[in-house]
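Structure file input.txt; described as compact mmCIF, C-alpha atoms and all ligand atoms.
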# COMPACT_ATOMS: atom_id res chain seq x y z
CA MET S 272 -46.77 -25.94 16.86
CA MET S 273 -43.20 -25.60 15.64
CA PHE S 274 -42.68 -24.96 11.92
CA PRO S 275 -39.69 -26.26 9.97
CA LEU S 276 -37.03 -23.71 9.08
CA PRO S 277 -37.34 -22.55 5.45
CA THR S 278 -34.39 -22.18 3.09
CA ALA S 279 -36.10 -19.95 0.52
CA PHE S 280 -39.44 -18.74 -0.78
CA ALA S 281 -40.61 -17.30 -4.09
CA ILE S 282 -42.74 -14.33 -5.03
CA ARG S 283 -43.90 -15.75 -8.38
CA ASN S 284 -40.60 -15.99 -10.33
CA VAL S 285 -38.53 -14.00 -7.81
CA VAL S 286 -36.67 -16.42 -5.56
CA VAL S 287 -35.79 -15.09 -2.10
CA GLN S 288 -32.92 -17.20 -0.82
CA PRO S 289 -32.11 -17.11 2.05
CA PRO S 290 -35.61 -16.06 3.17
CA LEU S 291 -34.29 -12.89 4.81
CA VAL S 292 -35.27 -9.40 3.69
CA LEU S 293 -33.63 -6.04 4.33
CA ALA S 294 -36.39 -3.70 5.58
CA PRO S 295 -36.95 -0.43 3.78
CA MET S 296 -35.62 2.42 5.92
CA ALA S 297 -35.91 6.03 4.78
CA GLY S 298 -32.63 7.87 5.14
CA VAL S 299 -30.77 4.59 5.66
CA THR S 300 -31.30 1.97 2.95
CA ASP S 301 -29.98 3.93 0.01
CA SER S 302 -28.07 2.18 -2.76
CA ALA S 303 -24.73 2.41 -0.92
CA PHE S 304 -26.07 0.87 2.29
CA ARG S 305 -27.93 -1.82 0.37
CA GLY S 306 -24.81 -2.71 -1.61
CA LEU S 307 -22.85 -3.00 1.58
CA ILE S 308 -25.43 -5.28 3.18
CA LYS S 309 -25.55 -7.40 0.06
CA ARG S 310 -21.77 -7.75 0.00
CA LEU S 311 -21.69 -8.92 3.63
CA GLY S 312 -24.03 -11.72 2.57
CA GLY S 313 -27.11 -13.60 3.70
CA VAL S 314 -29.81 -11.27 2.42
CA GLY S 315 -32.33 -12.72 -0.04
CA LEU S 316 -34.28 -9.58 -0.94
CA ILE S 317 -33.62 -5.87 -0.72
CA VAL S 318 -36.21 -3.11 -0.55
CA THR S 319 -35.48 0.54 -1.34
CA GLU S 320 -36.34 3.30 1.11
CA PHE S 321 -39.84 4.57 0.37
CA ILE S 322 -40.17 6.81 -2.66
CA SER S 323 -42.79 9.48 -3.12
CA VAL S 324 -44.99 8.89 -6.18
CA GLU S 325 -45.77 12.59 -6.16
CA GLY S 326 -42.07 13.44 -6.46
CA LEU S 327 -41.46 10.74 -9.05
CA THR S 328 -44.40 11.51 -11.31
CA ARG S 329 -43.78 15.26 -11.12
CA GLY S 330 -40.23 14.81 -12.36
CA ASN S 331 -38.37 15.52 -9.09
CA LEU S 332 -34.76 14.58 -9.86
CA LYS S 333 -33.87 13.73 -6.27
CA THR S 334 -36.77 11.28 -6.16
CA HIS S 335 -35.69 9.70 -9.44
CA LYS S 336 -32.20 9.26 -8.02
CA MET S 337 -33.66 7.31 -5.10
CA MET S 338 -34.78 4.65 -7.58
CA LYS S 339 -31.23 3.97 -8.73
CA PHE S 340 -29.87 0.52 -7.96
CA THR S 341 -27.07 -1.69 -9.18
CA ALA S 342 -27.25 -5.21 -10.59
CA ASP S 343 -25.63 -6.74 -7.47
CA GLU S 344 -28.56 -5.55 -5.35
CA ARG S 345 -30.96 -7.93 -7.13
CA PRO S 346 -33.52 -9.16 -6.41
CA ILE S 347 -34.73 -5.68 -5.52
CA SER S 348 -38.11 -4.26 -4.67
CA ILE S 349 -38.90 -0.57 -5.16
CA GLN S 350 -41.23 0.79 -2.52
CA PHE S 351 -43.64 3.66 -3.19
CA PHE S 352 -45.86 5.73 -0.98
CA GLY S 353 -48.74 7.83 -2.15
CA VAL S 354 -52.49 7.99 -2.31
CA ASP S 355 -53.47 8.79 -5.90
CA PRO S 356 -54.17 5.52 -7.77
CA ARG S 357 -53.10 6.90 -11.16
CA ARG S 358 -49.82 8.28 -9.86
CA MET S 359 -49.16 5.07 -7.93
CA ALA S 360 -49.67 3.08 -11.13
CA ASP S 361 -47.53 5.52 -13.17
CA ALA S 362 -44.72 5.15 -10.62
CA ALA S 363 -45.04 1.36 -10.69
CA GLU S 364 -44.62 1.46 -14.46
CA VAL S 365 -41.50 3.60 -14.14
CA ALA S 366 -40.06 1.10 -11.62
CA GLN S 367 -40.82 -1.80 -13.93
CA GLU S 368 -39.13 -0.01 -16.82
CA ALA S 369 -36.14 0.68 -14.60
CA GLY S 370 -35.80 -3.09 -14.15
CA ALA S 371 -37.17 -3.57 -10.63
CA ASP S 372 -37.96 -7.18 -9.71
CA LEU S 373 -40.90 -6.18 -7.50
CA VAL S 374 -42.97 -3.10 -6.71
CA ASP S 375 -44.03 -2.58 -3.11
CA VAL S 376 -46.70 -0.29 -1.64
CA ASN S 377 -46.05 1.38 1.69
CA CYS S 378 -49.11 1.00 3.93
CA GLY S 379 -47.22 1.37 7.18
CA CYS S 380 -45.41 4.68 7.46
CA PRO S 381 -46.59 6.41 10.63
CA ALA S 382 -45.01 9.85 9.92
CA LYS S 383 -47.47 12.73 10.24
CA LYS S 384 -46.49 14.33 6.94
CA VAL S 385 -47.23 11.04 5.15
CA VAL S 386 -50.43 9.98 6.91
CA GLY S 387 -51.66 13.58 6.79
CA ARG S 388 -51.90 13.20 3.02
CA GLY S 389 -53.73 9.88 3.30
CA ALA S 390 -50.68 7.75 2.43
CA GLY S 391 -48.63 5.22 4.45
CA SER S 392 -50.54 3.69 7.35
CA SER S 393 -53.52 5.96 6.60
CA LEU S 394 -54.37 3.50 3.82
CA LEU S 395 -55.21 0.99 6.57
CA ARG S 396 -58.16 3.25 7.47
CA ASP S 397 -59.62 3.34 3.98
CA LEU S 398 -59.64 -0.18 2.59
CA PRO S 399 -61.94 0.56 -0.38
CA HIS S 400 -59.44 3.20 -1.54
CA LEU S 401 -56.51 0.86 -0.91
CA ALA S 402 -58.23 -1.71 -3.14
CA VAL S 403 -58.59 0.86 -5.93
CA ILE S 404 -54.86 1.68 -5.70
CA LEU S 405 -53.81 -1.96 -5.71
CA ARG S 406 -56.08 -2.92 -8.62
CA GLU S 407 -54.88 0.01 -10.70
CA MET S 408 -51.22 -0.79 -10.01
CA ARG S 409 -51.78 -4.48 -10.69
CA ARG S 410 -53.42 -3.68 -14.01
CA ARG S 411 -50.48 -1.56 -15.17
CA ILE S 412 -47.47 -3.76 -14.44
CA THR S 413 -46.51 -7.33 -15.20
CA ILE S 414 -43.94 -7.83 -12.40
CA PRO S 415 -45.20 -8.92 -8.95
CA LEU S 416 -46.83 -6.32 -6.73
CA THR S 417 -46.37 -6.55 -2.94
CA ILE S 418 -47.42 -4.51 0.09
CA LYS S 419 -45.97 -3.69 3.49
CA ILE S 420 -48.41 -2.98 6.29
CA ARG S 421 -48.66 -2.47 10.03
CA THR S 422 -51.19 -4.41 12.11
CA GLY S 423 -53.68 -1.55 12.03
CA TRP S 424 -54.12 2.11 12.89
CA ASP S 425 -54.49 1.51 16.63
CA ASP S 426 -55.37 -1.25 19.08
CA ASN S 427 -59.07 -0.74 18.34
CA SER S 428 -58.66 -1.22 14.62
CA ILE S 429 -56.45 -4.24 13.97
CA VAL S 430 -57.06 -4.92 10.29
CA ALA S 431 -54.00 -6.92 9.23
CA VAL S 432 -55.89 -10.11 8.34
CA GLU S 433 -58.59 -8.20 6.48
CA VAL S 434 -55.99 -6.16 4.55
CA ALA S 435 -53.98 -9.27 3.69
CA ARG S 436 -57.08 -11.01 2.27
CA LEU S 437 -58.07 -7.92 0.35
CA ALA S 438 -54.55 -7.52 -1.03
CA GLU S 439 -54.47 -11.14 -2.16
CA ASP S 440 -57.83 -10.61 -3.82
CA CYS S 441 -56.44 -7.56 -5.68
CA GLY S 442 -53.57 -9.62 -7.11
CA VAL S 443 -50.87 -8.71 -4.59
CA GLU S 444 -48.29 -11.51 -4.50
CA ALA S 445 -46.62 -11.08 -1.10
CA ILE S 446 -47.21 -9.15 2.08
CA ALA S 447 -44.75 -7.87 4.65
CA ILE S 448 -46.13 -6.98 8.04
CA HIS S 449 -44.54 -4.96 10.83
CA GLY S 450 -46.25 -6.16 13.99
CA ARG S 451 -47.08 -2.74 15.42
CA THR S 452 -49.98 -0.34 14.98
CA ARG S 453 -49.52 3.12 13.54
CA MET S 454 -50.20 4.66 16.95
CA GLN S 455 -47.49 2.54 18.53
CA GLY S 456 -44.82 4.09 16.33
CA TYR S 457 -41.74 2.14 17.39
CA SER S 458 -42.73 1.72 21.05
CA GLY S 459 -43.61 -1.53 22.82
CA GLN S 460 -43.07 -4.87 21.17
CA ALA S 461 -44.02 -6.08 17.71
CA ASN S 462 -47.00 -8.44 17.93
CA TRP S 463 -45.99 -11.63 16.13
CA ASP S 464 -49.28 -13.35 17.05
CA ILE S 465 -51.02 -11.09 14.54
CA ILE S 466 -48.29 -11.84 11.98
CA ALA S 467 -49.00 -15.57 12.53
CA GLN S 468 -52.73 -14.93 12.00
CA VAL S 469 -51.97 -13.20 8.69
CA LYS S 470 -49.83 -16.15 7.64
CA ARG S 471 -52.72 -18.52 8.32
CA ALA S 472 -55.22 -16.31 6.48
CA VAL S 473 -53.63 -16.05 3.03
CA SER S 474 -51.80 -18.26 0.58
CA ILE S 475 -49.34 -15.63 -0.73
CA PRO S 476 -45.94 -15.41 1.03
CA VAL S 477 -45.96 -13.53 4.34
CA ILE S 478 -42.85 -11.76 5.60
CA GLY S 479 -42.79 -10.94 9.31
CA CYS S 480 -41.07 -7.86 10.67
CA GLY S 481 -40.34 -6.29 14.03
CA ASP S 482 -37.64 -6.41 16.69
CA VAL S 483 -35.40 -9.04 15.13
CA ARG S 484 -32.03 -8.05 16.62
CA GLN S 485 -30.23 -11.39 16.76
CA PRO S 486 -30.20 -14.49 14.53
CA ALA S 487 -31.95 -16.35 17.37
CA ASP S 488 -34.91 -13.93 17.16
CA ALA S 489 -35.38 -14.72 13.46
CA ILE S 490 -35.15 -18.47 14.06
CA ARG S 491 -37.73 -18.30 16.85
CA ARG S 492 -40.13 -16.30 14.64
CA PHE S 493 -39.80 -18.78 11.75
CA ARG S 494 -40.44 -21.68 14.09
CA GLU S 495 -43.36 -20.13 15.98
CA THR S 496 -45.26 -18.41 13.17
CA GLY S 497 -44.43 -20.32 9.99
CA VAL S 498 -43.77 -17.08 8.10
CA ASP S 499 -42.13 -17.45 4.70
CA GLY S 500 -39.59 -14.71 5.32
CA VAL S 501 -38.24 -12.48 8.07
CA MET S 502 -37.52 -8.80 7.44
CA ILE S 503 -34.87 -6.97 9.46
CA GLY S 504 -34.46 -3.21 9.79
CA ARG S 505 -32.82 -1.65 12.83
CA GLY S 506 -30.99 -4.87 13.62
CA ALA S 507 -29.14 -4.48 10.31
CA MET S 508 -28.04 -0.96 11.18
CA ALA S 509 -26.51 -2.11 14.45
CA ASN S 510 -25.13 -5.30 12.94
CA PRO S 511 -25.00 -5.49 9.14
CA TRP S 512 -23.75 -9.10 9.43
CA ILE S 513 -27.09 -10.20 10.91
CA PHE S 514 -28.27 -11.66 7.57
CA ARG S 515 -25.13 -13.68 7.05
CA GLN S 516 -25.26 -14.89 10.65
CA THR S 517 -28.95 -15.84 10.43
CA ALA S 518 -28.43 -17.61 7.11
CA GLU S 519 -25.61 -19.59 8.72
CA VAL S 520 -27.81 -20.57 11.65
CA LEU S 521 -30.60 -21.56 9.22
CA ARG S 522 -28.07 -23.91 7.58
CA GLY S 523 -27.03 -25.30 10.96
CA GLU S 524 -23.62 -23.59 10.91
CA THR S 525 -21.88 -21.49 13.55
CA PRO S 526 -22.54 -17.82 12.85
CA TYR S 527 -19.68 -15.52 11.86
CA ARG S 528 -18.60 -13.16 14.62
CA PRO S 529 -17.41 -9.83 13.21
CA THR S 530 -14.43 -8.22 14.91
CA LEU S 531 -14.10 -4.54 15.69
CA TYR S 532 -11.58 -4.35 12.85
CA ASP S 533 -14.36 -5.62 10.55
CA LYS S 534 -16.63 -2.88 11.87
CA ARG S 535 -13.97 -0.25 11.27
CA ASP S 536 -13.45 -1.44 7.70
CA VAL S 537 -17.18 -1.44 6.99
CA LEU S 538 -17.57 2.09 8.36
CA LEU S 539 -14.67 3.36 6.25
CA GLU S 540 -15.99 1.58 3.17
CA TYR S 541 -19.42 3.08 3.80
CA PHE S 542 -17.85 6.54 4.15
CA ASP S 543 -16.18 6.17 0.75
CA LEU S 544 -19.44 5.03 -0.83
CA MET S 545 -21.33 7.92 0.76
CA LEU S 546 -18.81 10.47 -0.45
CA GLY S 547 -19.53 9.22 -3.96
CA GLU S 548 -23.31 9.25 -3.46
CA CYS S 549 -24.18 12.30 -1.37
CA PRO S 550 -24.34 15.80 -2.79
CA THR S 551 -22.11 17.23 -0.05
CA GLU S 552 -19.37 16.00 2.27
CA THR S 553 -21.49 17.13 5.23
CA ALA S 554 -24.36 14.88 4.11
CA ALA S 555 -21.99 11.92 3.75
CA MET S 556 -20.54 12.64 7.21
CA GLY S 557 -24.04 12.74 8.70
CA LYS S 558 -24.78 9.25 7.39
CA VAL S 559 -21.49 7.88 8.71
CA LYS S 560 -22.03 9.50 12.11
CA GLN S 561 -25.40 7.76 12.28
CA LEU S 562 -23.81 4.37 11.64
CA CYS S 563 -20.98 5.07 14.11
CA ALA S 564 -23.63 5.63 16.79
CA GLN S 565 -25.33 2.31 16.01
CA PHE S 566 -22.06 0.39 15.95
CA THR S 567 -20.73 1.53 19.32
CA LYS S 568 -23.61 1.74 21.78
CA GLY S 569 -22.60 -0.10 24.92
CA LEU S 570 -18.96 -0.57 23.93
CA PRO S 571 -16.25 0.71 26.30
CA GLY S 572 -15.32 4.29 25.44
CA GLY S 573 -18.29 4.40 23.05
CA ALA S 574 -19.86 7.52 24.57
CA VAL S 575 -16.62 9.53 24.26
CA PHE S 576 -16.15 8.25 20.70
CA ARG S 577 -19.69 9.25 19.75
CA THR S 578 -19.17 12.76 21.13
CA GLN S 579 -15.94 13.10 19.14
CA VAL S 580 -17.64 11.81 16.04
CA PHE S 581 -20.60 14.12 16.54
CA HIS S 582 -18.30 17.15 16.69
CA ALA S 583 -16.04 16.14 13.79
CA GLN S 584 -16.05 18.94 11.22
CA THR S 585 -14.08 17.45 8.37
CA ARG S 586 -13.79 14.18 6.54
CA ALA S 587 -10.21 13.72 7.78
CA GLU S 588 -11.21 14.33 11.41
CA LEU S 589 -14.04 11.81 11.21
CA THR S 590 -11.83 9.19 9.53
CA ASP S 591 -9.15 9.69 12.20
CA HIS S 592 -11.66 9.18 15.04
CA ILE S 593 -12.98 5.98 13.44
CA GLN S 594 -9.47 4.67 12.82
CA ALA S 595 -8.27 5.51 16.32
CA TYR S 596 -11.26 4.12 18.23
CA PHE S 597 -11.75 0.87 16.35
CA THR S 598 -8.03 0.15 16.05
CA ARG S 599 -7.59 0.64 19.82
CA MET S 600 -10.67 -1.41 20.72
CA GLY S 601 -9.86 -4.01 18.06
CA ALA S 602 -6.46 -4.55 19.63
CA ARG S 603 -8.07 -5.09 23.05
CA GLU S 604 -10.47 -7.56 21.50
CA ALA S 605 -7.65 -9.35 19.64
CA ALA S 606 -5.77 -9.63 22.94
CA GLY S 607 -8.67 -11.70 24.26
CA GLU S 608 -10.54 -9.06 26.26
CA GLN S 609 -14.29 -9.76 26.40
CA LEU S 610 -16.04 -6.63 25.14
CA PRO S 611 -19.78 -6.27 25.70
CA GLU S 612 -22.14 -6.69 22.75
CA PRO S 613 -23.60 -3.39 21.49
CA GLU S 614 -26.91 -2.52 23.17
CA GLU S 615 -30.22 -2.02 21.45
CA ILE S 616 -30.52 1.08 19.32
CA PRO S 617 -32.14 3.86 21.31
CA GLU S 618 -35.38 5.31 19.97
CA GLU S 619 -34.06 8.87 19.65
CA THR S 620 -31.48 7.91 17.04
CA LEU S 621 -34.17 6.85 14.60
CA CYS S 622 -36.13 8.94 12.18
CA ASP S 623 -39.61 7.82 11.27
CA GLY S 624 -39.10 8.26 7.59
CA ALA S 625 -39.64 11.37 5.51
CA PRO S 626 -40.35 11.67 1.82
CA ASP S 627 -37.70 12.65 -0.69
CA THR S 628 -34.89 12.31 1.78
CA ALA S 629 -31.92 11.34 -0.35
CA CYS S 630 -28.93 11.62 1.94
CA GLN S 631 -30.95 13.01 4.83
CA THR S 632 -29.62 12.09 8.23
CA ALA S 633 -31.49 10.59 11.12
CA VAL S 634 -30.76 12.24 14.47
CA VAL S 635 -27.31 11.22 15.56
CA VAL S 636 -26.00 10.02 18.96
C1 LIG P 701 -35.11 4.91 10.19
C2 LIG P 701 -36.27 4.08 9.70
C3 LIG P 701 -36.85 4.37 8.49
C4 LIG P 701 -37.90 3.56 8.01
N1 LIG P 701 -38.40 3.80 6.77
C5 LIG P 701 -39.33 2.96 6.25
C6 LIG P 701 -39.75 3.08 4.89
O1 LIG P 701 -39.27 3.92 4.13
N2 LIG P 701 -40.70 2.21 4.45
C7 LIG P 701 -41.25 1.24 5.25
O2 LIG P 701 -42.10 0.46 4.81
N3 LIG P 701 -40.85 1.09 6.53
C8 LIG P 701 -39.90 1.92 7.03
N4 LIG P 701 -39.44 1.72 8.29
C9 LIG P 701 -39.97 0.57 9.08
C10 LIG P 701 -39.05 -0.66 8.89
O3 LIG P 701 -39.09 -1.11 7.57
C11 LIG P 701 -39.47 -1.81 9.84
O4 LIG P 701 -40.77 -2.22 9.51
C12 LIG P 701 -39.44 -1.40 11.31
O5 LIG P 701 -38.27 -0.69 11.62
C13 LIG P 701 -39.55 -2.63 12.23
O6 LIG P 701 -38.53 -3.54 11.97
P1 LIG P 701 -37.18 -3.63 12.89
O7 LIG P 701 -37.64 -3.82 14.30
O8 LIG P 701 -36.44 -4.79 12.32
O9 LIG P 701 -36.46 -2.32 12.72
C14 LIG P 701 -38.41 2.51 8.79
C15 LIG P 701 -37.83 2.25 10.04
C16 LIG P 701 -36.78 3.01 10.50
C17 LIG P 701 -36.19 2.67 11.82

Can I see the file as structure tokens?
Amino acid sequence: MMFPLPTAFAIRNVVVQPPLVLAPMAGVTDSAFRGLIKRLGGVGLIVTEFISVEGLTRGNLKTHKMMKFTADERPISIQFFGVDPRRMADAAEVAQEAGADLVDVNCGCPAKKVVGRGAGSSLLRDLPHLAVILREMRRRITIPLTIKIRTGWDDNSIVAVEVARLAEDCGVEAIAIHGRTRMQGYSGQANWDIIAQVKRAVSIPVIGCGDVRQPADAIRRFRETGVDGVMIGRGAMANPWIFRQTAEVLRGETPYRPTLYDKRDVLLEYFDLMLGECPTETAAMGKVKQLCAQFTKGLPGGAVFRTQVFHAQTRAELTDHIQAYFTRMGAREAAGEQLPEPEEIPEETLCDGAPDTACQTAVVV
């Protein structure tokens, strides 16, 4: 069966239009990155990187800073991870007071230091406890509560449908699902058949997630599964225009094709934003180096550029390398040369998310 393409969906009073969601990504989707994505257009909902309820409720300043957002990021969801129902509910209250549109519970993080404490995807192994957390949070806030899950802990314990039903029963108003198990990490392919099963099982909105790298991937997933929304993570790091392009395709228009000059300008804008946000210049440079790596995989001269970028010691050096590479390649592109599309992002450039990581850097190049 082929489903019609949606134009929007709503989580109670929160309208998500277009029905495209920026995935939470620790160390990546800080306020600066989110603002940039929002400005490029096409994103209907933004989720913060995950925030530790332990850090937040124990007054950790860095954790509090991670909750900061600007009005242009709205609608915005603040995502928490933790295991203690009272602290989860306290954190949800703080988010509501801070003006969040939605509060989201992380039930998918596979990182050892998170699951080791019973949080993230570990919650998929203890559904009675998950229900206690969700009920307590639901009781304490008035804004919609949502969750983000994986399909299960491993192939022998696929619980997505069961968790989705339980969540709906606890008053959760939308569910995002990354179609991999915890044990899969980021390997293999996301299983969208399970996402489709979840969609059929509940009446709250279901947002599918996993391996959407091109607008065509999102369109196919909408058509095949009937999900209400599609969430994009790594695809947005490699191509922050993916939301705008997908929204254009959803409207039947030709998608915008960013030039290498556009990419240069976005990188430099991001660098400026990061210098304002990060505690040190080195931290800001780390973030920009990460994005440089994503932007240039597979492009001619990309490997040399990434090595130069990796070794850049100062802000001026890094800016010069970005200017020089993208201006040179942009000129070749403007002269009509067909440059290859960037390749998929390699696994080793990704972190798996760590708590309290304001301005941390994923492994670069
Ligand atoms: C660097 C990185 C950090 C992530 N951090 C989080 C997080 O904080 N919370 C969360 O729910 N998922 C997190 N994820 C998972 C993504 O939200 C998403 O579910 C996953 O990457 C699959 O989608 P994609 O194929 O579009 O990237 C992270 C993924 C990456 C690559």

Which polymer residues have any atom within 8 Å of an atom of range 587-604 of chain S, counting only C-alpha atoms, with same-chain residues fewer than 2 positions away left out, as a short mmCIF file (atom, residue, chain, number, x, y, z; two decimals) with C-alpha atoms, in the coordinates of the input?
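Produced file result.cif, reproduced below:
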data_model
loop_
_atom_site.label_atom_id
_atom_site.label_comp_id
_atom_site.auth_asym_id
_atom_site.auth_seq_id
_atom_site.Cartn_x
_atom_site.Cartn_y
_atom_site.Cartn_z
CA THR S 530 -14.43 -8.22 14.91
CA LEU S 531 -14.10 -4.54 15.69
CA TYR S 532 -11.58 -4.35 12.85
CA LYS S 534 -16.63 -2.88 11.87
CA ARG S 535 -13.97 -0.25 11.27
CA LEU S 538 -17.57 2.09 8.36
CA LEU S 539 -14.67 3.36 6.25
CA MET S 556 -20.54 12.64 7.21
CA PHE S 576 -16.15 8.25 20.70
CA GLN S 579 -15.94 13.10 19.14
CA VAL S 580 -17.64 11.81 16.04
CA ALA S 583 -16.04 16.14 13.79
CA GLN S 584 -16.05 18.94 11.22
CA THR S 585 -14.08 17.45 8.37
CA ALA S 606 -5.77 -9.63 22.94
CA GLY S 607 -8.67 -11.70 24.26
CA GLU S 608 -10.54 -9.06 26.26
CA GLN S 609 -14.29 -9.76 26.40
CA LEU S 610 -16.04 -6.63 25.14
#

Return the padded bounding box of ligand LIG 701 (chain P) as lines of an AutoDock Vina configuration file: axis-aligned, built from all atoms listed in the file, 5 Å added on each side, with centre and edge lengths in Å to one decimal.
center_x = -38.6
center_y = 0.1
center_z = 9.2
size_x = 17.0
size_y = 19.7
size_z = 20.2

>> Please identify all protein, DNA and RNA residues within 8 Å of ligand LIG 701 (chain P), counting all atoms listed in the file, and report them as a PyMOL selection string.
In response: chain S and resi 294-299+319-322+350+376-380+419-421+448-450+457+461+480-484+502-507+621-625+633

> Residues at most 12 Å from Pro399 in chain S, counting all atoms listed in the file, excluding those fewer than 3 positions away in the same chain, as a list in words?
Replying inline: Pro356, Leu394, Leu395, Arg396, Ala402, Val403, Ile404, Leu405, Arg406, Glu433, Val434, Leu437, Ala438 and Cys441 of chain S

Export, as a short mmCIF file (atom, residue, chain, number, x, y, z; two decimals), in the frame of the given file, the selected residues with C-alpha atoms.
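Saved result, part-v3.cif, follows:
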data_model
loop_
_atom_site.label_atom_id
_atom_site.label_comp_id
_atom_site.auth_asym_id
_atom_site.auth_seq_id
_atom_site.Cartn_x
_atom_site.Cartn_y
_atom_site.Cartn_z
CA PRO S 356 -54.17 5.52 -7.77
CA LEU S 394 -54.37 3.50 3.82
CA LEU S 395 -55.21 0.99 6.57
CA ARG S 396 -58.16 3.25 7.47
CA ALA S 402 -58.23 -1.71 -3.14
CA VAL S 403 -58.59 0.86 -5.93
CA ILE S 404 -54.86 1.68 -5.70
CA LEU S 405 -53.81 -1.96 -5.71
CA ARG S 406 -56.08 -2.92 -8.62
CA GLU S 433 -58.59 -8.20 6.48
CA VAL S 434 -55.99 -6.16 4.55
CA LEU S 437 -58.07 -7.92 0.35
CA ALA S 438 -54.55 -7.52 -1.03
CA CYS S 441 -56.44 -7.56 -5.68
#

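Between CA of Ile418 in chain S and CA of Glu364 in chain S lies a distance of 16.0 Å.
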
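Taking CA of Asn462 in chain S and CA of Ile429 in chain S as the two end points, the separation is 11.1 Å.
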
> Which neighbours of Arg471 in chain S fall inside 10 Å, counting all atoms listed in the file, when residues of the same chain fewer than 6 positions from it are skipped, and could you give them as a ChimeraX atom specification?
Replying inline: /S:432,465,477,496-498

Using only C-alpha atoms, which residues of range 442-525 of chain S come within 12 Å of range 304-311 of chain S, and what is the closest atom pair for each, with the distance in Å to one decimal? Give it as a tab-separated table, sorted by chain and residue number.
residue	atom	partner	partner_atom	distance
S:Ile503	CA	S:Ile308	CA	11.5
S:Gly504	CA	S:Ile308	CA	11.4
S:Gly506	CA	S:Ile308	CA	11.8
S:Ala507	CA	S:Ile308	CA	8.1
S:Met508	CA	S:Phe304	CA	9.3
S:Ala509	CA	S:Ile308	CA	11.8
S:Asn510	CA	S:Ile308	CA	9.8
S:Pro511	CA	S:Ile308	CA	6.0
S:Trp512	CA	S:Leu311	CA	6.2
S:Ile513	CA	S:Leu311	CA	9.2
S:Phe514	CA	S:Leu311	CA	8.1
S:Arg515	CA	S:Leu311	CA	6.8
S:Gln516	CA	S:Leu311	CA	9.9
S:Ala518	CA	S:Leu311	CA	11.5

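Across the model, the gap from CA of Pro381 in chain S to CA of Gln455 in chain S is 8.8 Å.
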
N, CA and C atoms for range 356-369 of chain S, written as a CSV table (one decimal), in the frame of the given file, could you do that?
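Dumped everything to out_37.csv:
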chain,number,residue,atom,x,y,z
S,356,PRO,N,-54.3,6.8,-7.1
S,356,PRO,CA,-54.2,5.5,-7.8
S,356,PRO,C,-53.4,5.7,-9.1
S,357,ARG,N,-53.7,6.8,-9.8
S,357,ARG,CA,-53.1,6.9,-11.2
S,357,ARG,C,-51.6,7.2,-11.0
S,358,ARG,N,-51.3,8.0,-10.1
S,358,ARG,CA,-49.8,8.3,-9.9
S,358,ARG,C,-49.1,7.1,-9.3
S,359,MET,N,-49.8,6.3,-8.5
S,359,MET,CA,-49.2,5.1,-7.9
S,359,MET,C,-48.9,4.1,-9.1
S,360,ALA,N,-49.8,4.0,-10.0
S,360,ALA,CA,-49.7,3.1,-11.1
S,360,ALA,C,-48.6,3.6,-12.1
S,361,ASP,N,-48.6,4.9,-12.3
S,361,ASP,CA,-47.5,5.5,-13.2
S,361,ASP,C,-46.2,5.2,-12.6
S,362,ALA,N,-46.0,5.4,-11.3
S,362,ALA,CA,-44.7,5.2,-10.6
S,362,ALA,C,-44.3,3.7,-10.7
S,363,ALA,N,-45.3,2.8,-10.6
S,363,ALA,CA,-45.0,1.4,-10.7
S,363,ALA,C,-44.5,1.0,-12.1
S,364,GLU,N,-45.1,1.7,-13.1
S,364,GLU,CA,-44.6,1.5,-14.5
S,364,GLU,C,-43.2,1.9,-14.6
S,365,VAL,N,-42.9,3.1,-14.0
S,365,VAL,CA,-41.5,3.6,-14.1
S,365,VAL,C,-40.5,2.6,-13.5
S,366,ALA,N,-40.9,2.1,-12.3
S,366,ALA,CA,-40.1,1.1,-11.6
S,366,ALA,C,-39.9,-0.1,-12.5
S,367,GLN,N,-40.9,-0.6,-13.1
S,367,GLN,CA,-40.8,-1.8,-13.9
S,367,GLN,C,-39.9,-1.5,-15.1
S,368,GLU,N,-40.0,-0.3,-15.7
S,368,GLU,CA,-39.1,0.0,-16.8
S,368,GLU,C,-37.7,0.1,-16.4
S,369,ALA,N,-37.5,0.5,-15.1
S,369,ALA,CA,-36.1,0.7,-14.6
S,369,ALA,C,-35.5,-0.7,-14.2
